[in-house]
>>> print(open('my_file_27.pdb').read())   # PDB, C-alpha atoms
ATOM      1  CA  MET A 926     -20.675   7.138  26.275
ATOM      2  CA  SER A 927     -21.895   3.802  25.028
ATOM      3  CA  THR A 928     -20.991   0.773  27.083
ATOM      4  CA  ALA A 929     -23.464  -1.850  25.828
ATOM      5  CA  ARG A 930     -21.986  -5.232  25.029
ATOM      6  CA  PRO A 931     -23.604  -8.537  24.067
ATOM      7  CA  LEU A 932     -24.029 -11.185  26.704
ATOM      8  CA  SER A 933     -21.180 -13.662  27.072
ATOM      9  CA  GLY A 934     -21.020 -15.961  24.052
ATOM     10  CA  GLU A 935     -23.595 -13.928  22.090
ATOM     11  CA  PRO A 936     -22.662 -12.430  18.715
ATOM     12  CA  ALA A 937     -22.611  -8.661  18.293
ATOM     13  CA  ILE A 938     -24.613  -9.016  15.063
ATOM     14  CA  ASP A 939     -26.915 -11.983  14.560
ATOM     15  CA  VAL A 940     -28.914 -12.356  11.324
ATOM     16  CA  ALA A 941     -31.088 -15.449  10.848
ATOM     17  CA  ASP A 942     -32.902 -16.201   7.567
ATOM     18  CA  LEU A 943     -33.322 -12.525   6.698
ATOM     19  CA  ARG A 944     -35.595 -11.778   3.744
ATOM     20  CA  ARG A 945     -36.484  -8.391   2.343
ATOM     21  CA  THR A 946     -38.982  -7.974  -0.491
ATOM     22  CA  TYR A 947     -39.715  -4.764  -2.367
ATOM     23  CA  ARG A 948     -42.979  -4.104  -4.179
ATOM     24  CA  THR A 949     -42.754  -2.033  -7.344
ATOM     25  CA  THR A 950     -44.528  -1.516 -10.670
ATOM     26  CA  THR A 951     -43.404  -1.711 -14.285
ATOM     27  CA  GLY A 952     -44.818  -0.742 -17.668
ATOM     28  CA  THR A 953     -45.927   2.560 -19.197
ATOM     29  CA  LEU A 954     -49.515   2.125 -20.372
ATOM     30  CA  ARG A 955     -50.416  -0.952 -18.387
ATOM     31  CA  ARG A 956     -48.790  -1.013 -14.977
ATOM     32  CA  HIS A 957     -47.853  -4.390 -13.525
ATOM     33  CA  ARG A 958     -47.004  -5.014  -9.900
ATOM     34  CA  LEU A 959     -43.760  -6.798  -9.186
ATOM     35  CA  GLU A 960     -42.194  -8.232  -6.061
ATOM     36  CA  ILE A 961     -38.405  -8.127  -5.940
ATOM     37  CA  GLU A 962     -36.677 -10.235  -3.298
ATOM     38  CA  ALA A 963     -33.543  -8.214  -2.601
ATOM     39  CA  VAL A 964     -32.382 -10.432   0.282
ATOM     40  CA  ARG A 965     -33.190 -14.127   0.215
ATOM     41  CA  GLY A 966     -32.609 -16.016   3.444
ATOM     42  CA  VAL A 967     -29.334 -14.483   4.643
ATOM     43  CA  THR A 968     -27.836 -15.861   7.856
ATOM     44  CA  LEU A 969     -24.626 -14.498   9.376
ATOM     45  CA  ARG A 970     -22.966 -13.843  12.736
ATOM     46  CA  VAL A 971     -20.414 -11.194  13.581
ATOM     47  CA  GLU A 972     -18.550 -11.677  16.841
ATOM     48  CA  PRO A 973     -17.743  -8.829  19.271
ATOM     49  CA  GLY A 974     -14.630  -6.955  18.146
ATOM     50  CA  GLU A 975     -14.629  -8.553  14.689
ATOM     51  CA  LEU A 976     -14.141  -6.665  11.419
ATOM     52  CA  PHE A 977     -16.479  -8.465   9.027
ATOM     53  CA  GLY A 978     -16.592  -7.777   5.282
ATOM     54  CA  LEU A 979     -19.705  -8.098   3.123
ATOM     55  CA  LEU A 980     -18.787  -8.276  -0.562
ATOM     56  CA  GLY A 981     -21.007  -8.497  -3.611
ATOM     57  CA  PRO A 982     -21.880  -6.811  -6.914
ATOM     58  CA  ASN A 983     -24.240  -3.860  -7.192
ATOM     59  CA  GLY A 984     -27.790  -4.955  -6.422
ATOM     60  CA  ALA A 985     -26.691  -8.055  -4.507
ATOM     61  CA  GLY A 986     -28.347  -6.900  -1.270
ATOM     62  CA  LYS A 987     -25.432  -5.496   0.769
ATOM     63  CA  THR A 988     -26.879  -2.069   1.469
ATOM     64  CA  THR A 989     -30.327  -3.545   2.128
ATOM     65  CA  ILE A 990     -28.841  -5.778   4.839
ATOM     66  CA  ILE A 991     -27.041  -2.835   6.452
ATOM     67  CA  ARG A 992     -30.180  -0.690   6.376
ATOM     68  CA  VAL A 993     -32.146  -3.439   8.097
ATOM     69  CA  LEU A 994     -29.420  -3.723  10.737
ATOM     70  CA  CYS A 995     -29.497   0.053  11.218
ATOM     71  CA  THR A 996     -33.314  -0.007  11.650
ATOM     72  CA  LEU A 997     -33.803   2.052   8.464
ATOM     73  CA  LEU A 998     -35.725  -0.796   6.790
ATOM     74  CA  LEU A 999     -38.026  -3.412   8.252
ATOM     75  CA  PRO A1000     -37.265  -7.044   7.367
ATOM     76  CA  THR A1001     -39.946  -8.909   5.464
ATOM     77  CA  SER A1002     -39.139 -11.979   7.564
ATOM     78  CA  GLY A1003     -36.356 -13.459   9.646
ATOM     79  CA  GLN A1004     -34.713 -12.316  12.855
ATOM     80  CA  VAL A1005     -32.087  -9.596  13.163
ATOM     81  CA  ARG A1006     -30.344  -8.737  16.443
ATOM     82  CA  VAL A1007     -27.630  -6.226  17.315
ATOM     83  CA  LEU A1008     -25.991  -6.661  20.728
ATOM     84  CA  GLY A1009     -28.807  -9.055  21.575
ATOM     85  CA  MET A1010     -31.527  -6.495  20.756
ATOM     86  CA  ASP A1011     -34.158  -7.206  18.106
ATOM     87  CA  VAL A1012     -34.032  -4.389  15.517
ATOM     88  CA  VAL A1013     -37.814  -4.491  15.051
ATOM     89  CA  GLU A1014     -38.825  -4.647  18.695
ATOM     90  CA  ARG A1015     -36.169  -2.251  20.075
ATOM     91  CA  PRO A1016     -35.128   0.105  17.249
ATOM     92  CA  ARG A1017     -34.388   3.096  19.509
ATOM     93  CA  ASP A1018     -32.129   1.040  21.763
ATOM     94  CA  VAL A1019     -30.295  -0.328  18.715
ATOM     95  CA  ARG A1020     -29.745   3.158  17.263
ATOM     96  CA  ARG A1021     -28.039   4.302  20.455
ATOM     97  CA  GLN A1022     -25.447   1.528  20.081
ATOM     98  CA  ILE A1023     -24.572   1.780  16.386
ATOM     99  CA  GLY A1024     -22.830   4.152  14.005
ATOM    100  CA  TYR A1025     -23.568   4.217  10.272
ATOM    101  CA  VAL A1026     -20.982   5.612   7.848
ATOM    102  CA  PHE A1027     -21.648   5.579   4.104
ATOM    103  CA  GLY A1028     -19.666   6.739   1.097
ATOM    104  CA  GLY A1029     -20.534   9.748  -1.058
ATOM    105  CA  ASP A1030     -21.426  13.392  -0.508
ATOM    106  CA  ARG A1031     -24.841  12.973   1.114
ATOM    107  CA  GLY A1032     -25.481  13.509   4.798
ATOM    108  CA  LEU A1033     -23.485  16.687   5.433
ATOM    109  CA  TYR A1034     -24.461  20.365   5.380
ATOM    110  CA  ASP A1035     -22.094  22.114   2.986
ATOM    111  CA  ARG A1036     -22.678  25.670   4.148
ATOM    112  CA  LEU A1037     -21.980  24.810   7.763
ATOM    113  CA  SER A1038     -18.557  24.303   9.270
ATOM    114  CA  ALA A1039     -17.360  20.865  10.306
ATOM    115  CA  LEU A1040     -17.877  21.884  13.947
ATOM    116  CA  ASP A1041     -21.450  23.036  13.299
ATOM    117  CA  ASN A1042     -22.201  19.796  11.457
ATOM    118  CA  LEU A1043     -20.937  17.776  14.387
ATOM    119  CA  ARG A1044     -22.758  19.933  16.943
ATOM    120  CA  TYR A1045     -25.998  19.333  15.055
ATOM    121  CA  PHE A1046     -25.487  15.563  14.975
ATOM    122  CA  ALA A1047     -24.368  15.555  18.615
ATOM    123  CA  ASP A1048     -27.766  17.054  19.493
ATOM    124  CA  LEU A1049     -29.502  14.346  17.437
ATOM    125  CA  TYR A1050     -27.496  11.705  19.317
ATOM    126  CA  ALA A1051     -28.593  13.378  22.587
ATOM    127  CA  LEU A1052     -25.030  13.893  23.776
ATOM    128  CA  GLU A1053     -24.947  15.932  26.982
ATOM    129  CA  PRO A1054     -23.967  19.552  26.223
ATOM    130  CA  ARG A1055     -21.060  19.400  28.678
ATOM    131  CA  MET A1056     -19.671  16.379  26.807
ATOM    132  CA  GLN A1057     -20.137  17.688  23.253
ATOM    133  CA  ARG A1058     -17.066  19.909  22.919
ATOM    134  CA  LYS A1059     -14.738  17.254  24.349
ATOM    135  CA  ARG A1060     -16.157  14.490  22.174
ATOM    136  CA  ILE A1061     -16.177  16.597  19.006
ATOM    137  CA  ASN A1062     -12.505  17.468  19.529
ATOM    138  CA  GLU A1063     -11.736  13.775  20.109
ATOM    139  CA  VAL A1064     -13.369  12.564  16.889
ATOM    140  CA  LEU A1065     -11.869  15.382  14.798
ATOM    141  CA  ASP A1066      -8.453  14.390  16.095
ATOM    142  CA  LEU A1067      -9.182  10.705  15.472
ATOM    143  CA  VAL A1068     -10.041  11.267  11.801
ATOM    144  CA  GLY A1069      -7.249  13.770  11.153
ATOM    145  CA  LEU A1070      -9.366  16.940  10.904
ATOM    146  CA  GLN A1071      -8.079  18.710  14.013
ATOM    147  CA  GLY A1072      -7.628  22.390  13.183
ATOM    148  CA  ARG A1073     -10.068  22.261  10.250
ATOM    149  CA  GLY A1074     -13.269  22.358  12.275
ATOM    150  CA  THR A1075     -14.117  26.014  11.615
ATOM    151  CA  GLU A1076     -13.938  25.600   7.817
ATOM    152  CA  ARG A1077     -17.083  25.214   5.748
ATOM    153  CA  VAL A1078     -17.685  21.719   4.448
ATOM    154  CA  GLU A1079     -18.253  23.060   0.897
ATOM    155  CA  GLY A1080     -14.480  23.648   0.722
ATOM    156  CA  PHE A1081     -13.562  20.123   1.818
ATOM    157  CA  SER A1082     -12.036  17.580  -0.534
ATOM    158  CA  ARG A1083     -13.789  14.237  -1.066
ATOM    159  CA  GLY A1084     -11.395  12.568   1.363
ATOM    160  CA  MET A1085     -11.963  15.223   4.038
ATOM    161  CA  ARG A1086     -15.726  14.861   3.637
ATOM    162  CA  GLN A1087     -15.438  11.137   4.130
ATOM    163  CA  ARG A1088     -13.381  11.614   7.269
ATOM    164  CA  LEU A1089     -16.094  13.971   8.542
ATOM    165  CA  HIS A1090     -18.641  11.223   7.825
ATOM    166  CA  LEU A1091     -16.504   8.978  10.023
ATOM    167  CA  ALA A1092     -16.411  11.587  12.780
ATOM    168  CA  ARG A1093     -20.193  11.915  12.661
ATOM    169  CA  GLY A1094     -20.676   8.158  13.005
ATOM    170  CA  LEU A1095     -18.286   8.023  15.970
ATOM    171  CA  LEU A1096     -19.665  10.956  17.967
ATOM    172  CA  HIS A1097     -21.623   8.851  20.458
ATOM    173  CA  ASP A1098     -18.836   6.237  20.714
ATOM    174  CA  PRO A1099     -20.960   3.276  19.523
ATOM    175  CA  PRO A1100     -19.660  -0.276  20.048
ATOM    176  CA  VAL A1101     -20.968  -1.420  16.632
ATOM    177  CA  LEU A1102     -20.136   0.369  13.364
ATOM    178  CA  PHE A1103     -21.476  -0.096   9.847
ATOM    179  CA  PHE A1104     -19.322   1.159   6.976
ATOM    180  CA  ASP A1105     -21.085   1.088   3.603
ATOM    181  CA  GLU A1106     -18.417   1.604   0.906
ATOM    182  CA  PRO A1107     -16.602   4.291   2.947
ATOM    183  CA  THR A1108     -13.823   4.884   0.375
ATOM    184  CA  ILE A1109     -15.946   5.058  -2.779
ATOM    185  CA  GLY A1110     -14.874   7.984  -4.965
ATOM    186  CA  VAL A1111     -12.094   9.007  -2.573
ATOM    187  CA  ASP A1112      -8.606   9.694  -3.955
ATOM    188  CA  PRO A1113      -5.895   7.137  -3.086
ATOM    189  CA  VAL A1114      -4.392   9.246  -0.287
ATOM    190  CA  GLY A1115      -7.784   9.958   1.291
ATOM    191  CA  ALA A1116      -8.834   6.315   0.927
ATOM    192  CA  ARG A1117      -5.655   5.162   2.679
ATOM    193  CA  GLU A1118      -6.391   7.534   5.557
ATOM    194  CA  VAL A1119      -9.967   6.237   5.862
ATOM    195  CA  ARG A1120      -8.740   2.624   5.865
ATOM    196  CA  GLN A1121      -6.252   3.483   8.609
ATOM    197  CA  VAL A1122      -9.044   4.911  10.773
ATOM    198  CA  VAL A1123     -11.137   1.768  10.211
ATOM    199  CA  ALA A1124      -8.187  -0.453  11.150
ATOM    200  CA  ASP A1125      -7.504   1.614  14.281
ATOM    201  CA  LEU A1126     -11.153   1.320  15.347
ATOM    202  CA  ALA A1127     -11.006  -2.448  14.905
ATOM    203  CA  ARG A1128      -7.855  -2.637  17.029
ATOM    204  CA  ALA A1129      -9.675  -0.577  19.680
ATOM    205  CA  GLY A1130     -12.278  -3.341  19.941
ATOM    206  CA  LYS A1131     -15.137  -1.958  17.873
ATOM    207  CA  THR A1132     -17.346  -4.425  16.018
ATOM    208  CA  ILE A1133     -17.377  -3.415  12.345
ATOM    209  CA  LEU A1134     -19.418  -4.553   9.346
ATOM    210  CA  LEU A1135     -17.834  -3.247   6.141
ATOM    211  CA  THR A1136     -19.054  -3.315   2.551
ATOM    212  CA  THR A1137     -16.643  -2.478  -0.245
ATOM    213  CA  HIS A1138     -15.988  -3.122  -3.927
ATOM    214  CA  TYR A1139     -12.216  -2.966  -3.391
ATOM    215  CA  MET A1140     -10.913  -6.487  -2.877
ATOM    216  CA  PHE A1141      -7.476  -5.426  -1.630
ATOM    217  CA  GLU A1142      -9.255  -3.342   1.014
ATOM    218  CA  ALA A1143     -11.266  -6.325   2.224
ATOM    219  CA  ASP A1144      -8.205  -8.568   2.087
ATOM    220  CA  SER A1145      -6.086  -6.251   4.218
ATOM    221  CA  LEU A1146      -8.749  -5.186   6.744
ATOM    222  CA  CYS A1147     -11.242  -7.982   7.336
ATOM    223  CA  ASP A1148     -11.056 -10.854   9.820
ATOM    224  CA  ARG A1149     -13.797 -12.707   7.930
ATOM    225  CA  ILE A1150     -15.743 -12.098   4.726
ATOM    226  CA  ALA A1151     -19.125 -13.136   3.362
ATOM    227  CA  VAL A1152     -19.752 -12.961  -0.390
ATOM    228  CA  ILE A1153     -23.333 -12.240  -1.423
ATOM    229  CA  ALA A1154     -24.804 -12.700  -4.906
ATOM    230  CA  GLN A1155     -28.441 -12.288  -5.926
ATOM    231  CA  GLY A1156     -29.506 -11.797  -2.335
ATOM    232  CA  GLN A1157     -27.859 -14.942  -0.948
ATOM    233  CA  ILE A1158     -24.587 -15.708   0.845
ATOM    234  CA  VAL A1159     -22.530 -17.860  -1.528
ATOM    235  CA  ALA A1160     -19.359 -18.158   0.582
ATOM    236  CA  GLU A1161     -17.999 -17.175   3.980
ATOM    237  CA  GLY A1162     -14.603 -17.427   5.644
ATOM    238  CA  THR A1163     -11.325 -15.656   6.242
ATOM    239  CA  PRO A1164      -9.656 -14.002   3.238
ATOM    240  CA  GLN A1165      -7.152 -16.875   3.237
ATOM    241  CA  GLN A1166      -9.917 -19.484   3.195
ATOM    242  CA  LEU A1167     -11.676 -17.802   0.277
ATOM    243  CA  LYS A1168      -8.433 -17.512  -1.686
ATOM    244  CA  ALA A1169      -7.722 -21.185  -1.025
ATOM    245  CA  GLY A1170     -10.757 -22.008  -3.152
ATOM    246  CA  VAL A1171      -8.971 -20.748  -6.275
ATOM    247  CA  THR A1172      -5.362 -21.694  -5.544
ATOM    248  CA  ALA A1173      -5.736 -24.690  -7.834
ATOM    249  CA  ARG A1174      -6.270 -22.376 -10.788
ATOM    250  CA  THR A1175      -4.138 -20.619 -13.357
ATOM    251  CA  VAL A1176      -4.834 -16.897 -13.744
ATOM    252  CA  VAL A1177      -3.688 -15.177 -16.934
ATOM    253  CA  GLU A1178      -3.864 -11.415 -17.491
ATOM    254  CA  ILE A1179      -3.932 -10.056 -21.044
ATOM    255  CA  GLU A1180      -3.565  -6.376 -21.884
ATOM    256  CA  ALA A1181      -4.651  -5.804 -25.458
ATOM    257  CA  TYR A1182      -6.382  -3.393 -27.843
ATOM    258  CA  GLY A1183      -9.526  -4.024 -29.872
ATOM    259  CA  VAL A1184     -10.315  -7.572 -28.792
ATOM    260  CA  PRO A1185     -13.432  -8.594 -30.777
ATOM    261  CA  GLU A1186     -16.457  -9.826 -28.817
ATOM    262  CA  GLN A1187     -16.421 -13.107 -30.732
ATOM    263  CA  THR A1188     -12.822 -13.696 -29.590
ATOM    264  CA  VAL A1189     -13.829 -13.180 -25.953
ATOM    265  CA  ALA A1190     -16.711 -15.609 -26.511
ATOM    266  CA  ARG A1191     -14.315 -18.224 -27.930
ATOM    267  CA  ILE A1192     -12.022 -17.805 -24.896
ATOM    268  CA  ARG A1193     -14.995 -18.405 -22.600
ATOM    269  CA  GLU A1194     -15.842 -21.568 -24.544
ATOM    270  CA  LEU A1195     -12.445 -23.188 -23.898
ATOM    271  CA  PRO A1196     -13.117 -26.290 -21.753
ATOM    272  CA  GLU A1197     -10.503 -25.396 -19.117
ATOM    273  CA  VAL A1198     -11.638 -21.761 -18.737
ATOM    274  CA  GLU A1199     -13.813 -21.120 -15.678
ATOM    275  CA  ALA A1200     -14.173 -17.314 -15.652
ATOM    276  CA  VAL A1201     -13.304 -14.317 -17.838
ATOM    277  CA  THR A1202     -13.566 -10.659 -16.812
ATOM    278  CA  ILE A1203     -12.841  -7.558 -18.898
ATOM    279  CA  GLU A1204     -11.762  -4.169 -17.574
ATOM    280  CA  VAL A1205     -11.292  -1.136 -19.826
ATOM    281  CA  ARG A1206      -8.272   1.009 -18.988
ATOM    282  CA  ASP A1207      -8.051   4.118 -21.174
ATOM    283  CA  GLN A1208      -8.196   2.527 -24.638
ATOM    284  CA  ALA A1209      -6.766  -0.828 -23.597
ATOM    285  CA  GLN A1210      -8.656  -3.906 -22.435
ATOM    286  CA  LEU A1211      -7.484  -6.000 -19.503
ATOM    287  CA  LEU A1212      -8.747  -9.571 -19.743
ATOM    288  CA  THR A1213      -8.414 -11.771 -16.665
ATOM    289  CA  VAL A1214      -8.837 -15.454 -17.470
ATOM    290  CA  GLN A1215      -9.183 -18.137 -14.788
ATOM    291  CA  ALA A1216      -8.642 -21.750 -15.802
ATOM    292  CA  SER A1217      -7.949 -25.129 -14.239
ATOM    293  CA  GLU A1218      -4.426 -25.609 -12.942
ATOM    294  CA  GLY A1219      -1.869 -27.128 -15.238
ATOM    295  CA  SER A1220      -3.558 -26.118 -18.480
ATOM    296  CA  GLN A1221      -1.335 -24.809 -21.267
ATOM    297  CA  LEU A1222      -3.484 -21.714 -21.396
ATOM    298  CA  THR A1223      -1.118 -18.989 -22.559
ATOM    299  CA  GLY A1224      -0.334 -20.601 -25.901
ATOM    300  CA  ARG A1225      -3.998 -21.288 -26.661
ATOM    301  CA  LEU A1226      -4.952 -17.725 -25.786
ATOM    302  CA  LEU A1227      -2.283 -16.302 -28.100
ATOM    303  CA  GLN A1228      -3.651 -18.457 -30.919
ATOM    304  CA  LEU A1229      -7.157 -17.074 -30.369
ATOM    305  CA  LEU A1230      -5.781 -13.521 -30.186
ATOM    306  CA  GLU A1231      -3.940 -13.752 -33.500
ATOM    307  CA  GLY A1232      -4.233 -10.407 -35.278
ATOM    308  CA  VAL A1233      -5.000  -8.540 -32.046
ATOM    309  CA  ARG A1234      -2.494  -6.037 -30.651
ATOM    310  CA  VAL A1235      -1.372  -7.675 -27.376
ATOM    311  CA  GLU A1236       0.760  -5.493 -25.086
ATOM    312  CA  ARG A1237       1.211  -7.972 -22.254
ATOM    313  CA  ILE A1238       0.243 -11.506 -21.299
ATOM    314  CA  ALA A1239       1.310 -13.053 -18.002
ATOM    315  CA  ALA A1240       0.269 -15.702 -15.481
ATOM    316  CA  ARG A1241       0.064 -14.854 -11.771
ATOM    317  CA  GLU A1242      -1.059 -16.212  -8.409
ATOM    318  CA  PRO A1243      -4.803 -16.061  -7.650
ATOM    319  CA  THR A1244      -6.021 -13.214  -5.395
ATOM    320  CA  LEU A1245      -9.111 -12.511  -3.304
ATOM    321  CA  GLU A1246     -10.540 -10.705  -6.337
ATOM    322  CA  ASP A1247     -10.179 -13.907  -8.374
ATOM    323  CA  ALA A1248     -12.002 -15.840  -5.652
ATOM    324  CA  TYR A1249     -14.727 -13.179  -5.585
ATOM    325  CA  VAL A1250     -15.192 -13.255  -9.375
ATOM    326  CA  ALA A1251     -15.390 -17.051  -9.360
ATOM    327  CA  LEU A1252     -18.021 -16.989  -6.607
ATOM    328  CA  VAL A1253     -20.317 -14.279  -7.990
ATOM    329  CA  THR A1254     -20.186 -15.604 -11.571
ATOM    330  CA  ALA A1255     -20.746 -19.271 -10.676
ATOM    331  CA  GLY A1256     -23.876 -20.634 -12.280
TER     332      GLY A1256
END
>>> encode(input="my_file_27.pdb", output="structure tokens")
Amino acid sequence: MSTARPLSGEPAIDVADLRRTYRTTTGTLRRHRLEIEAVRGVTLRVEPGELFGLLGPNGAGKTTIIRVLCTLLLPTSGQVRVLGMDVVERPRDVRRQIGYVFGGDRGLYDRLSALDNLRYFADLYALEPRMQRKRINEVLDLVGLQGRGTERVEGFSRGMRQRLHLARGLLHDPPVLFFDEPTIGVDPVGAREVRQVVADLARAGKTILLTTHYMFEADSLCDRIAVIAQGQIVAEGTPQQLKAGVTARTVVEIEAYGVPEQTVARIRELPEVEAVTIEVRDQAQLLTVQASEGSQLTGRLLQLLEGVRVERIAAREPTLEDAYVALVTAG
């Protein structure tokens, strides 16, 4: 079992001025080389036993950062350490101390049973044969799959597959865990079970770096959060600290049908409006409007929405999602 811990006072994860550049080409007839800077000078520290959230839109650099930390990608520049070990100089030592769990269906062998999957990965992790059966039973019990080990993975639900992903990442009992969108595509019941396992691991003292698109998940689980946009950290703090940045705002939700694009543009042009997001739910549109506190926003919005079928309009308290939207859309 893994017993490595950082030296006293040293962070479990230490990233200093990390940059990662990809080289690609574009064009059909005449190819042009491009350099894309996916991560641009990211610095962060995760303390031992901390559950740290990394939030950001698609393409912001979250998965790139995790893959560098897991030694799957080399950094272009900067210094990255896990438990005091440089991921470039000591990749094998780092891999022995980390677990990587990602969302989706990849990474499992459908025609094998859960037990056979875990036996295979236990061999890759170099677990001693005499320890394998005991440890496999422990992780199956931990993720709620005890009694299902002999079943083929092809018959597993999405939630069961994700719990098996968790079991795989925990086989060698690593002190540091990376969860890359672990509940993506999982039904609400399965997602709740996965979140419970993550919370239990944090209470057991594991150091966890979590990426997610679900703000309520980050709000309920994380000790601290960093928000990344366009490859850079734009804010960092506890969920309460991030929410405090938008408490001086009015948030109005509008559920309506057939809101014209020009009407949305006019709402965005209001001097007190700071952010507008639109979510489509079935045939309805849910507009979330953030504005400076004290503005008489509801009446002005109803004037702009004249002739539009409005089902509901209501003001509410700002949430972590509101803080996130304000941060990633700034500028």
>>> residues_near_point(input="my_file_27.pdb", point="(-9.8, -16.6, -1.1)", cutoff="7 Å", atoms="all atoms listed in the file", output="list of chain:residue names")
A:Pro1164, A:Gln1165, A:Gln1166, A:Leu1167, A:Lys1168, A:Ala1169, A:Gly1170, A:Val1171, A:Thr1244, A:Leu1245, A:Ala1248
>>> atom_distance(input="my_file_27.pdb", atom1="atom CA of A:Leu1096", atom2="atom CA of A:Gly1024")
8.5 Å
>>> atom_distance(input="my_file_27.pdb", atom1="atom CA of A:Gln1121", atom2="atom CA of A:Pro982")
24.3 Å
>>> resolve_selection(input="my_file_27.pdb", expression="the PyMOL selection byres ((chain A and resi 1249-1253) around 7)", output="list in words")
Ala1154, Val1159, Ala1200, Leu1245, Glu1246, Asp1247, Ala1248, Thr1254 and Ala1255 of chain A
>>> resolve_selection(input="my_file_27.pdb", expression="the PyMOL selection byres ((chain A and resi 1119) around 10)", output="PyMOL selection string")
chain A and resi 1068-1069+1084-1085+1087-1088+1091+1107-1108+1111+1113-1118+1120-1125
>>> closest_residue(input="my_file_27.pdb", among="A:Gly978, A:Pro1099, A:Gly966, A:Gly1074", to="A:Leu1008", atoms="only C-alpha atoms")
A:Pro1099
>>> residues_around(input="my_file_27.pdb", residues="A:Glu1106", least_positions_apart="4", cutoff="7 Å", atoms="only C-alpha atoms", output="PyMOL selection string")
chain A and resi 1027-1028+1136-1137
>>> residues_near_point(input="my_file_27.pdb", point="(-28.2, 3.0, 3.1)", cutoff="12 Å", atoms="all atoms listed in the file", output="list in words")
Gly986, Lys987, Thr988, Thr989, Ile990, Ile991, Arg992, Val993, Leu994, Cys995, Thr996, Leu997, Leu998, Tyr1025, Val1026, Phe1027, Gly1028, Gly1029, Arg1031, Gly1032, Phe1103, Phe1104, Asp1105, Glu1106, Pro1107 and Thr1136 of chain A
>>> axis_aligned_box(input="my_file_27.pdb", around="stretch 1174-1180 of chain A", padding_each_side="5 Å", output="lines of an AutoDock Vina configuration file")
center_x = -4.9
center_y = -14.4
center_z = -16.3
size_x = 12.7
size_y = 26.0
size_z = 21.1
>>> atom_distance(input="my_file_27.pdb", atom1="atom CA of A:Leu1043", atom2="atom CA of A:Arg1020")
17.3 Å
>>> closest_residue(input="my_file_27.pdb", among="A:Glu1014, A:Glu975, A:Glu1199, A:Gln1208", to="A:Arg1149", atoms="only C-alpha atoms")
A:Glu975
>>> residues_around(input="my_file_27.pdb", residues="A:Val971", least_positions_apart="2", cutoff="8 Å", atoms="only C-alpha atoms", output="JSON, numbers by chain")
{"A": [936, 937, 938, 939, 969, 973, 975, 977, 1132, 1134]}
>>> residues_around(input="my_file_27.pdb", residues="stretch 1182-1184 of chain A", least_positions_apart="5", cutoff="8 Å", atoms="all atoms listed in the file", output="MDAnalysis selection string")
chainID A and resid 1189 1208:1210 1230 1233:1236
>>> closest_residue(input="my_file_27.pdb", among="A:Ala1047, A:Leu1126, A:Ile1179, A:Ala941", to="A:Glu1204", atoms="all atoms listed in the file")
A:Ile1179
>>> residues_around(input="my_file_27.pdb", residues="A:Gln1071", least_positions_apart="4", cutoff="8 Å", atoms="all atoms listed in the file", output="list in words")
Asn1062, Leu1065 and Asp1066 of chain A
>>> closest_residue(input="my_file_27.pdb", among="A:Asp942, A:Glu1242, A:Asp1112, A:Asp1011", to="A:Thr1172", atoms="only C-alpha atoms")
A:Glu1242
>>> closest_residue(input="my_file_27.pdb", among="A:Asn983, A:Glu1180, A:Glu1142, A:Glu1186", to="A:Arg1237", atoms="all atoms listed in the file")
A:Glu1180
>>> resolve_selection(input="my_file_27.pdb", expression="the PyMOL selection byres ((chain A and resi 1098) around 10)", output="compact mmCIF listing (two decimals) with C-alpha atoms, in the coordinates of the input")
# COMPACT_ATOMS: atom_id res chain seq x y z
CA MET A 926 -20.68 7.14 26.28
CA SER A 927 -21.90 3.80 25.03
CA THR A 928 -20.99 0.77 27.08
CA ARG A 1021 -28.04 4.30 20.45
CA GLN A 1022 -25.45 1.53 20.08
CA ILE A 1023 -24.57 1.78 16.39
CA GLY A 1024 -22.83 4.15 14.00
CA ARG A 1060 -16.16 14.49 22.17
CA VAL A 1064 -13.37 12.56 16.89
CA ALA A 1092 -16.41 11.59 12.78
CA ARG A 1093 -20.19 11.92 12.66
CA GLY A 1094 -20.68 8.16 13.00
CA LEU A 1095 -18.29 8.02 15.97
CA LEU A 1096 -19.66 10.96 17.97
CA HIS A 1097 -21.62 8.85 20.46
CA PRO A 1099 -20.96 3.28 19.52
CA PRO A 1100 -19.66 -0.28 20.05
CA VAL A 1101 -20.97 -1.42 16.63
CA LEU A 1102 -20.14 0.37 13.36
CA LYS A 1131 -15.14 -1.96 17.87
>>> closest_residue(input="my_file_27.pdb", among="A:Thr968, A:Thr951, A:Thr946, A:Thr1001", to="A:Ala1160", atoms="all atoms listed in the file")
A:Thr968
